[in-house]
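Notes follow once the structure below has been shown.
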2 protein chains.
Amino acid sequence: MEKYKKADRNELLAEIQSVKAEYEQWCSRGLKLDMSRGKPGPDQMDLSTNLFELVNPELGYENKSGIDCRNYGGLDGLVELKVIFSDIMQVAPEQVIVGGNSSLNMMFDTVAQAMTHGFGDKPWMLQGKIKFICPVPGYDRHFAICEYFGIEMISVQYKDNGPDMDIVEELVKDPTVKGMWCVPKYTNPDGIVYSDETIKRIAALKPAAKDFRVFCDNAYAVHYLTEKEDSILSIYDECVKAGNPDLVIIFASTSKITFPGAGVAAEAASPANVATIKNRMSFQTIGPDKLNQLRHARMFTDMDKIHEHMKLHSKILRLKFDIVLNELDKSLTDLGIATWTKPNGGYFISLYVTPGCAKRTIELCRNAGLILTPAGATYPYGKDPQDSNIRIAPTYPLPNELANASSLLCTSVKLAVLEKLLESNN
Amino acid sequence: MEKYKKADRNELLAEIQSVKAEYEQWCSRGLKLDMSRGKPGPDQMDLSTNLFELVNPELGYENKSGIDCRNYGGLDGLVELKVIFSDIMQVAPEQVIVGGNSSLNMMFDTVAQAMTHGFGDKPWMLQGKIKFICPVPGYDRHFAICEYFGIEMISVQYKDNGPDMDIVEELVKDPTVKGMWCVPKYTNPDGIVYSDETIKRIAALKPAAKDFRVFCDNAYAVHYLTEKEDSILSIYDECVKAGNPDLVIIFASTSKITFPGAGVAAEAASPANVATIKNRMSFQTIGPDKLNQLRHARMFTDMDKIHEHMKLHSKILRLKFDIVLNELDKSLTDLGIATWTKPNGGYFISLYVTPGCAKRTIELCRNAGLILTPAGATYPYGKDPQDSNIRIAPTYPLPNELANASSLLCTSVKLAVLEKLLESNN
């Protein structure tokens, strides 16, 4: 099963001739494909067309509490959505703040608040060099927030059941370590689900810094790709049990449930953290867009409605993921030059090619008209130490585009690895 | 015209008996009225019902540039709205960033960015004590942003044509003075319109601090109450002429054009400032709610549509303002104990009562069931040095409520002043 590794130089030369010919055919087709970002496709967004009918003069503008959602006010959002998000985020409804259209914005603002005002201690900005633990591979936009604020990032490798907690437990003994990013379910890009043990160990962390916070981005809480619906422990409940209620701040959104650009985001934490965050918000805004919240509240009257809706997404996405997975299976399984994930949920397939070949693979794809996430994007500072990981986002392209894109990707992987093998074999 | 001042003690005692009786009648009515915030009323919001019909499957989700507004992206907003806001903010469209539902949020975020990253110099947070110039009376939420970030506020009195520029020009010689709030048209609460001279002098400021910025909140740019539509110079154009393009950052929104909670906000500045702000935003969010932007773009296809729409608001508001103004005229003109503004636009009537009587007036109103903006709210730190200014927001209550509220207010002013006169006359 390691065809390329076992091949001698002549066999490799013959193979690269054939793969180059394959690649040149792709180049000649003038493709314009994009598998770079975890964007829902138009077919997925069409599932939420009903939203537009849910706010109008006939149905009125009041939520269940009688708030006219057109006007100012309601800093922390509509109670109906607090209930829905409380289920998604596994906390009590009164601990949820429902915001605007972007959970990333809520994460950024919460880190910004820590920088200028701190979390019960001095502002992070006045504490000198501070650091965050970044499980890798991870989400580039989490890392970008650290970069923006000059927070040093320490990579910790993901294992099958979550971040390597032996290392995390060591790192938090350093009082300059102030935070940690987590995506507890279907990590981006590896699709890892945190085990009960991982969540208990995170919840039980005893960081030297009292103002250490776990930024837990539950972006894919209900985003299943298979019949098997993985479940995770409530990280907040575990924190409470461990006597650490203030340790974690949780984020979620409907960006990949309804509309990426016009969904509703939420943030949840302990009563003390929520009070701190709401205090900042009271200076920052008069309130979120409650009409868009009202649309969502009327569409998702309970969690069953969310799950029904997510099954429709899953049906569309399963097909797309399978196109890519089948192509990877067909083209690469026997070569011993790559491994990849087969996730139960989330938005990505994570492809690991022979070390040193990710950047070149992505370059080859780009030159033939296929945009992939830049090499290294899933690591802090954009640097994959192995130059191996490629994040594949199969959700946006059409099925026929995906077939082409995956096939071109496999050709490019082969070509990049063959170039490398021949170079070292020179 | 100064009935109370000319009265002797016995006349005052007789008058207070009669006013007290009047006041007690109000108390017995169990009113629940609120003239505290500049909130549009339901009748005004009904003017924008059409918005809900402008995004649906038939009309599609693409703007003029072919962007699917449901999906991620479009950091700085739709081009159609840049054009509309460019007219409102008197800058070129490419200098406009169109955001979410809150211009206050954009102001907060821009100040926050200066705190953590600065404007071309060291972060404000690392420069020790810094200060802002706050023209008074002004908008409490501007002052609150300074309070949140620990920025010291220096009050500068408004004159008829804008802030007292002699004082402002002196203050900016201090390098710790980093900013200044402005509301150039129909100030909150006095309804002052900045004269051409004021705007030219602001634009020509030569602050000692290179990272000094004027935060210009053009909240009432098209919010006329009379046939006379005041116009102001483009503050940005004047800055360019004065060789100061980076001096000013301008804010506006449709909160009081369409929906207070679900409008669209915008920010505009020089190309250099816009690049700085957009750089921060690229870390903070993937993009604003473009569907709500699309609704607005389709409703307001040009500025004529905005002006037509604002005439409808004006018709509703004129009636309400007149109820209050007529009552003030009728009840207080002859007494020599108060003056008030008769604004051409904006959202407030500004009432100045005999110094030392604002707090007591507001307390009397509250005890009888009428909530007014807290005394001092229009000054930094909530402290009106004269205890004289009362901000009246006539927009939200119904006309019959307004008649009661204004009448009760006048009774309370009289009672508060009489108490004071009798106390000093003791």
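Identifiers in the structure tokens: chain A, B, ... in order shown; residue index from 1 per chain; ligand index from 1 in order shown.
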- request: Write out as a PyMOL selection string all residues of stretch 165-398 of chain B that DSSP puts in strand (DSSP E or B) for this structure's backbone.
  value: chain B and resi 177-182+185+193+213-217+224+248-253+265-269+338-340+345+349-353+370-372+389-392
Dump as a tab-separated table the rows for residues of chain A within 6 Å of chain B: closest atom pair and distance in Å with one decimal, only C-alpha atoms counted, ordered by chain and rising residue number.
residue	atom	partner	partner_atom	distance
A:Arg70	CA	B:Gly261	CA	5.3
A:Asn71	CA	B:Gly261	CA	4.8
A:Tyr72	CA	B:Gly261	CA	4.7
A:Leu104	CA	B:Thr285	CA	5.7
A:Asn105	CA	B:Thr285	CA	5.0
A:Phe108	CA	B:Gln284	CA	5.5
A:Ile145	CA	B:Phe283	CA	5.9
A:Phe259	CA	B:Arg70	CA	5.5
A:Pro260	CA	B:Asn71	CA	4.8
A:Gly261	CA	B:Tyr72	CA	4.7
A:Ala262	CA	B:Asp289	CA	4.8
A:Phe283	CA	B:Ile145	CA	5.9
A:Gln284	CA	B:Asn105	CA	5.1
A:Thr285	CA	B:Asn105	CA	5.0
A:Asp289	CA	B:Ala262	CA	4.8
Would you save the residues of that selection, restricted to all heavy atoms, as a tab-separated table (two decimals), in the first residue's frame?
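This is the output file result.tsv:
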chain	number	residue	atom	x	y	z
A	70	ARG	N	-38.47	46.13	16.44
A	70	ARG	CA	-37.96	47.14	15.51
A	70	ARG	C	-37.18	48.22	16.24
A	70	ARG	O	-36.33	48.88	15.65
A	70	ARG	CB	-39.13	47.79	14.75
A	70	ARG	CG	-39.90	46.83	13.89
A	70	ARG	CD	-41.13	47.51	13.30
A	70	ARG	NE	-42.06	47.96	14.35
A	70	ARG	CZ	-43.18	48.65	14.11
A	70	ARG	NH1	-43.51	48.96	12.86
A	70	ARG	NH2	-43.98	49.01	15.10
A	71	ASN	N	-37.50	48.44	17.49
A	71	ASN	CA	-36.96	49.61	18.18
A	71	ASN	C	-35.65	49.31	18.91
A	71	ASN	O	-35.13	48.19	18.85
A	71	ASN	CB	-38.01	50.18	19.13
A	71	ASN	CG	-38.01	51.71	19.09
A	71	ASN	OD1	-36.95	52.33	18.97
A	71	ASN	ND2	-39.17	52.32	19.19
A	72	TYR	N	-35.11	50.33	19.56
A	72	TYR	CA	-33.88	50.18	20.33
A	72	TYR	C	-34.06	49.23	21.50
A	72	TYR	O	-35.17	48.96	21.94
A	72	TYR	CB	-33.49	51.55	20.92
A	72	TYR	CG	-32.93	52.55	19.95
A	72	TYR	CD1	-33.54	53.78	19.76
A	72	TYR	CD2	-31.77	52.28	19.23
A	72	TYR	CE1	-33.01	54.73	18.90
A	72	TYR	CE2	-31.24	53.23	18.36
A	72	TYR	CZ	-31.86	54.46	18.21
A	72	TYR	OH	-31.32	55.39	17.35
A	104	LEU	N	-17.61	35.28	15.46
A	104	LEU	CA	-16.21	35.72	15.43
A	104	LEU	C	-16.08	37.10	16.05
A	104	LEU	O	-15.18	37.37	16.84
A	104	LEU	CB	-15.70	35.75	13.98
A	104	LEU	CG	-14.23	36.11	13.81
A	104	LEU	CD1	-13.33	35.00	14.30
A	104	LEU	CD2	-13.91	36.46	12.36
A	105	ASN	N	-17.04	37.97	15.69
A	105	ASN	CA	-17.07	39.32	16.25
A	105	ASN	C	-17.19	39.28	17.77
A	105	ASN	O	-16.52	40.05	18.48
A	105	ASN	CB	-18.26	40.06	15.63
A	105	ASN	CG	-18.12	41.57	15.74
A	105	ASN	OD1	-17.54	42.09	16.67
A	105	ASN	ND2	-18.69	42.27	14.79
A	108	PHE	N	-13.76	38.19	19.12
A	108	PHE	CA	-12.82	39.31	19.01
A	108	PHE	C	-13.09	40.33	20.10
A	108	PHE	O	-12.18	40.76	20.81
A	108	PHE	CB	-12.97	39.96	17.62
A	108	PHE	CG	-12.06	41.14	17.37
A	108	PHE	CD1	-10.88	40.98	16.67
A	108	PHE	CD2	-12.39	42.41	17.82
A	108	PHE	CE1	-10.03	42.07	16.42
A	108	PHE	CE2	-11.56	43.50	17.60
A	108	PHE	CZ	-10.38	43.32	16.90
A	145	ILE	N	-6.98	36.48	15.57
A	145	ILE	CA	-7.32	37.37	16.68
A	145	ILE	C	-6.11	37.53	17.60
A	145	ILE	O	-5.76	38.64	18.02
A	145	ILE	CB	-8.56	36.85	17.46
A	145	ILE	CG1	-9.82	36.99	16.60
A	145	ILE	CG2	-8.73	37.59	18.79
A	145	ILE	CD1	-11.09	36.40	17.22
A	259	PHE	N	-28.19	31.60	7.54
A	259	PHE	CA	-27.38	32.32	6.55
A	259	PHE	C	-26.03	32.71	7.14
A	259	PHE	O	-25.97	33.35	8.18
A	259	PHE	CB	-28.10	33.59	6.08
A	259	PHE	CG	-29.42	33.33	5.44
A	259	PHE	CD1	-30.57	33.95	5.89
A	259	PHE	CD2	-29.53	32.43	4.38
A	259	PHE	CE1	-31.79	33.71	5.30
A	259	PHE	CE2	-30.75	32.19	3.78
A	259	PHE	CZ	-31.89	32.83	4.24
A	260	PRO	N	-24.95	32.40	6.43
A	260	PRO	CA	-23.61	32.76	6.92
A	260	PRO	C	-23.48	34.26	7.21
A	260	PRO	O	-22.89	34.64	8.21
A	260	PRO	CB	-22.70	32.35	5.76
A	260	PRO	CG	-23.44	31.26	5.07
A	260	PRO	CD	-24.89	31.63	5.18
A	261	GLY	N	-24.05	35.08	6.35
A	261	GLY	CA	-23.89	36.51	6.53
A	261	GLY	C	-25.00	37.14	7.35
A	261	GLY	O	-24.88	38.29	7.77
A	262	ALA	N	-26.07	36.43	7.58
A	262	ALA	CA	-27.23	37.06	8.23
A	262	ALA	C	-27.89	36.10	9.21
A	262	ALA	O	-29.11	36.02	9.31
A	262	ALA	CB	-28.22	37.53	7.18
A	283	PHE	N	-21.84	49.79	26.99
A	283	PHE	CA	-21.16	50.98	26.48
A	283	PHE	C	-21.03	50.93	24.95
A	283	PHE	O	-20.85	51.95	24.30
A	283	PHE	CB	-19.75	51.11	27.08
A	283	PHE	CG	-19.75	51.42	28.55
A	283	PHE	CD1	-19.73	50.40	29.49
A	283	PHE	CD2	-19.78	52.74	28.99
A	283	PHE	CE1	-19.73	50.68	30.85
A	283	PHE	CE2	-19.78	53.02	30.34
A	283	PHE	CZ	-19.76	52.00	31.28
A	284	GLN	N	-21.09	49.72	24.42
A	284	GLN	CA	-20.73	49.50	23.02
A	284	GLN	C	-21.90	49.63	22.06
A	284	GLN	O	-21.73	50.03	20.92
A	284	GLN	CB	-20.14	48.08	22.91
A	284	GLN	CG	-19.56	47.72	21.58
A	284	GLN	CD	-18.90	46.33	21.62
A	284	GLN	OE1	-19.26	45.50	22.47
A	284	GLN	NE2	-17.97	46.09	20.74
A	285	THR	N	-23.08	49.28	22.53
A	285	THR	CA	-24.23	49.25	21.63
A	285	THR	C	-25.52	49.42	22.42
A	285	THR	O	-25.53	49.23	23.63
A	285	THR	CB	-24.27	47.93	20.85
A	285	THR	OG1	-25.40	47.94	19.95
A	285	THR	CG2	-24.42	46.73	21.77
A	289	ASP	N	-29.61	43.43	16.36
A	289	ASP	CA	-30.73	43.44	15.41
A	289	ASP	C	-31.76	42.42	15.87
A	289	ASP	O	-31.64	41.23	15.58
A	289	ASP	CB	-30.22	43.12	14.00
A	289	ASP	CG	-31.33	43.10	12.96
A	289	ASP	OD1	-32.52	43.05	13.34
A	289	ASP	OD2	-31.01	43.15	11.77
For the interface of stretch 231-347 of chain A with stretch 84-88 of chain A (cut-off 12 Å, counting only C-alpha atoms), please tabulate each contacting residue of stretch 231-347 of chain A alongside its nearest pair of atoms and their separation in Å to one decimal, rows sorted by chain and increasing number, as JSON lines.
{"residue": "A:Ser231", "atom": "CA", "partner": "A:Ile88", "partner_atom": "CA", "distance": 10.9}
{"residue": "A:Ile232", "atom": "CA", "partner": "A:Ile88", "partner_atom": "CA", "distance": 10.9}
{"residue": "A:Leu233", "atom": "CA", "partner": "A:Ile88", "partner_atom": "CA", "distance": 11.7}
{"residue": "A:Ser234", "atom": "CA", "partner": "A:Ile88", "partner_atom": "CA", "distance": 9.8}
{"residue": "A:Ile235", "atom": "CA", "partner": "A:Ile88", "partner_atom": "CA", "distance": 11.8}
{"residue": "A:Tyr236", "atom": "CA", "partner": "A:Ser86", "partner_atom": "CA", "distance": 11.1}
{"residue": "A:Ile250", "atom": "CA", "partner": "A:Ile88", "partner_atom": "CA", "distance": 10.2}
{"residue": "A:Phe251", "atom": "CA", "partner": "A:Phe85", "partner_atom": "CA", "distance": 9.5}
{"residue": "A:Ala252", "atom": "CA", "partner": "A:Phe85", "partner_atom": "CA", "distance": 7.7}
{"residue": "A:Ser253", "atom": "CA", "partner": "A:Phe85", "partner_atom": "CA", "distance": 8.4}
{"residue": "A:Thr254", "atom": "CA", "partner": "A:Phe85", "partner_atom": "CA", "distance": 9.5}
{"residue": "A:Ile257", "atom": "CA", "partner": "A:Ile88", "partner_atom": "CA", "distance": 11.9}
{"residue": "A:Val264", "atom": "CA", "partner": "A:Phe85", "partner_atom": "CA", "distance": 10.0}
{"residue": "A:Ala265", "atom": "CA", "partner": "A:Phe85", "partner_atom": "CA", "distance": 9.0}
{"residue": "A:Ala266", "atom": "CA", "partner": "A:Phe85", "partner_atom": "CA", "distance": 7.1}
{"residue": "A:Glu267", "atom": "CA", "partner": "A:Phe85", "partner_atom": "CA", "distance": 8.7}
{"residue": "A:Ala268", "atom": "CA", "partner": "A:Ser86", "partner_atom": "CA", "distance": 8.1}
{"residue": "A:Ala269", "atom": "CA", "partner": "A:Ser86", "partner_atom": "CA", "distance": 10.5}
{"residue": "A:Gln293", "atom": "CA", "partner": "A:Ile84", "partner_atom": "CA", "distance": 11.4}
{"residue": "A:His296", "atom": "CA", "partner": "A:Ile84", "partner_atom": "CA", "distance": 9.9}
{"residue": "A:Ala297", "atom": "CA", "partner": "A:Ile84", "partner_atom": "CA", "distance": 8.3}
{"residue": "A:Arg298", "atom": "CA", "partner": "A:Ile84", "partner_atom": "CA", "distance": 11.3}
{"residue": "A:Met299", "atom": "CA", "partner": "A:Ile84", "partner_atom": "CA", "distance": 11.2}
{"residue": "A:Phe300", "atom": "CA", "partner": "A:Ile84", "partner_atom": "CA", "distance": 7.8}
{"residue": "A:Thr301", "atom": "CA", "partner": "A:Ile84", "partner_atom": "CA", "distance": 8.0}
{"residue": "A:Asp302", "atom": "CA", "partner": "A:Ile84", "partner_atom": "CA", "distance": 6.5}
{"residue": "A:Met303", "atom": "CA", "partner": "A:Ile84", "partner_atom": "CA", "distance": 6.4}
{"residue": "A:Asp304", "atom": "CA", "partner": "A:Ile84", "partner_atom": "CA", "distance": 10.1}
{"residue": "A:Lys305", "atom": "CA", "partner": "A:Ile84", "partner_atom": "CA", "distance": 10.1}
{"residue": "A:Ile306", "atom": "CA", "partner": "A:Ile84", "partner_atom": "CA", "distance": 8.7}
{"residue": "A:His307", "atom": "CA", "partner": "A:Ile88", "partner_atom": "CA", "distance": 10.6}
Any chance you can output those residues with C-alpha atoms as a PDB file, in the first residue's frame?
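Writing done, so here's part-v2.pdb:
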ATOM      1  CA  SER A 231     -22.553  14.269  21.783  1.00  0.00           C
ATOM      2  CA  ILE A 232     -20.146  16.006  24.104  1.00  0.00           C
ATOM      3  CA  LEU A 233     -20.289  16.820  27.788  1.00  0.00           C
ATOM      4  CA  SER A 234     -21.416  20.311  28.773  1.00  0.00           C
ATOM      5  CA  ILE A 235     -18.094  22.051  29.243  1.00  0.00           C
ATOM      6  CA  TYR A 236     -19.751  24.669  31.435  1.00  0.00           C
ATOM      7  CA  ILE A 250     -18.689  29.593  24.834  1.00  0.00           C
ATOM      8  CA  PHE A 251     -19.613  30.839  21.358  1.00  0.00           C
ATOM      9  CA  ALA A 252     -22.025  29.613  18.692  1.00  0.00           C
ATOM     10  CA  SER A 253     -24.050  30.927  15.769  1.00  0.00           C
ATOM     11  CA  THR A 254     -26.609  30.040  13.141  1.00  0.00           C
ATOM     12  CA  ILE A 257     -27.761  26.799  10.129  1.00  0.00           C
ATOM     13  CA  VAL A 264     -27.538  35.096  14.736  1.00  0.00           C
ATOM     14  CA  ALA A 265     -24.556  34.615  17.030  1.00  0.00           C
ATOM     15  CA  ALA A 266     -24.437  33.959  20.754  1.00  0.00           C
ATOM     16  CA  GLU A 267     -22.024  33.879  23.654  1.00  0.00           C
ATOM     17  CA  ALA A 268     -22.472  32.138  27.020  1.00  0.00           C
ATOM     18  CA  ALA A 269     -20.557  31.944  30.261  1.00  0.00           C
ATOM     19  CA  GLN A 293     -33.455  37.434  15.946  1.00  0.00           C
ATOM     20  CA  HIS A 296     -34.971  33.045  13.792  1.00  0.00           C
ATOM     21  CA  ALA A 297     -37.084  32.661  16.930  1.00  0.00           C
ATOM     22  CA  ARG A 298     -40.195  32.160  14.817  1.00  0.00           C
ATOM     23  CA  MET A 299     -38.477  29.637  12.537  1.00  0.00           C
ATOM     24  CA  PHE A 300     -36.887  27.565  15.292  1.00  0.00           C
ATOM     25  CA  THR A 301     -39.535  27.332  17.966  1.00  0.00           C
ATOM     26  CA  ASP A 302     -37.739  24.430  19.606  1.00  0.00           C
ATOM     27  CA  MET A 303     -34.635  22.261  19.228  1.00  0.00           C
ATOM     28  CA  ASP A 304     -36.490  19.642  17.213  1.00  0.00           C
ATOM     29  CA  LYS A 305     -36.920  22.243  14.505  1.00  0.00           C
ATOM     30  CA  ILE A 306     -33.167  22.861  14.535  1.00  0.00           C
ATOM     31  CA  HIS A 307     -32.383  19.163  14.241  1.00  0.00           C
TER      32      HIS A 307
END
- prompt: Mind checking DSSP for stretch 289-342 of chain B and telling me the helix (DSSP H, G or I) residues as a ChimeraX atom specification?
  reply: /B:290-299,303-335
- prompt: If you count only C-alpha atoms, which residues fall within 9 Å of A:Ile16, apart from same-chain ones fewer than 2 positions away, as a VMD selection string?
  reply: chain A and resid 11 to 14 18 to 21 414 to 415 418 to 419
Stretch 318-331 of chain A: which residues within 8 Å, counting only C-alpha atoms, same-chain residues fewer than 5 positions away excluded, as an mmCIF file with N, CA and C atoms, in the first residue's frame?
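Written out: part28.cif:
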data_model
loop_
_atom_site.group_PDB
_atom_site.id
_atom_site.type_symbol
_atom_site.label_atom_id
_atom_site.label_comp_id
_atom_site.auth_asym_id
_atom_site.auth_seq_id
_atom_site.Cartn_x
_atom_site.Cartn_y
_atom_site.Cartn_z
ATOM 1 N N LEU A 225 -22.832 15.128 9.840
ATOM 2 C CA LEU A 225 -22.757 14.665 8.448
ATOM 3 C C LEU A 225 -23.239 13.233 8.314
ATOM 4 N N THR A 226 -23.442 12.582 9.456
ATOM 5 C CA THR A 226 -23.810 11.166 9.432
ATOM 6 C C THR A 226 -25.014 10.947 10.345
ATOM 7 N N LYS A 342 -12.280 11.291 7.860
ATOM 8 C CA LYS A 342 -13.638 10.999 7.379
ATOM 9 C C LYS A 342 -14.599 11.455 8.477
ATOM 10 N N ILE A 349 -12.703 18.384 5.320
ATOM 11 C CA ILE A 349 -11.900 17.172 5.277
ATOM 12 C C ILE A 349 -10.461 17.634 5.425
ATOM 13 N N PRO A 394 -15.444 21.199 1.186
ATOM 14 C CA PRO A 394 -16.222 20.696 0.047
ATOM 15 C C PRO A 394 -17.629 21.279 -0.038
ATOM 16 N N THR A 395 -17.983 22.228 0.846
ATOM 17 C CA THR A 395 -19.399 22.578 0.966
ATOM 18 C C THR A 395 -19.910 23.519 -0.121
ATOM 19 N N PRO A 399 -21.718 19.786 -7.088
ATOM 20 C CA PRO A 399 -21.189 18.419 -7.153
ATOM 21 C C PRO A 399 -20.264 18.166 -8.347
ATOM 22 N N LEU A 402 -17.026 19.723 -7.714
ATOM 23 C CA LEU A 402 -16.290 19.002 -6.680
ATOM 24 C C LEU A 402 -15.560 17.798 -7.242
ATOM 25 N N ALA A 403 -16.210 17.117 -8.169
ATOM 26 C CA ALA A 403 -15.581 15.941 -8.780
ATOM 27 C C ALA A 403 -14.294 16.385 -9.479
ATOM 28 N N SER A 406 -11.660 17.576 -6.769
ATOM 29 C CA SER A 406 -10.995 16.506 -6.012
ATOM 30 C C SER A 406 -10.023 15.750 -6.882
ATOM 31 N N SER A 407 -10.411 15.541 -8.120
ATOM 32 C CA SER A 407 -9.561 14.806 -9.029
ATOM 33 C C SER A 407 -8.278 15.605 -9.310
ATOM 34 N N CYS A 410 -6.033 15.419 -6.293
ATOM 35 C CA CYS A 410 -5.284 14.165 -6.185
ATOM 36 C C CYS A 410 -4.102 14.148 -7.160
#
field: Residue nearest A:Val222 among A:Ala114, A:Met153, A:Ala242, A:Met89 (counting only C-alpha atoms)
entry: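 The closest residue to A:Val222 is A:Met89.
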task: Find the spatial neighbours of A:Ile392, counting only C-alpha atoms, within a cut-off of 8 Å - ignore same-chain residues fewer than 3 positions away - and output them as a list in words.
output: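 The neighbour list is Met35, Ser36, Pro189, Phe348, Ile349, Ser350, Leu351, Leu372 and Thr373 of chain A.
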Neighbour list for A:Lys241 as a list in words, cut-off 10 Å, only C-alpha atoms, skip fewer than 6 positions in-chain: Lys200, Ala203, Ala204 and Ile235 of chain A
field: Shortest interatomic distance to B:Leu78 - which of B:Leu247, B:Leu294, B:Ile130, B:Cys365, counting only C-alpha atoms
entry: B:Leu294
- request: Could you give me, as a list in words, the residues within 8 Å of stretch 27-31 of chain B, counting only C-alpha atoms and dropping anything in the same chain fewer than 4 positions from it?
  value: Tyr23, Asn367, Ala368, Gly369 and Leu370 of chain B
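Between atom CA of B:Tyr61 and atom CA of A:His313 the separation is 19.6 Å.
Shortest separation to A:Thr354 among A:Gly243, A:Pro271, A:Gly336, A:Gly376 occurs at residue A:Gly336, atoms counted being only C-alpha atoms.
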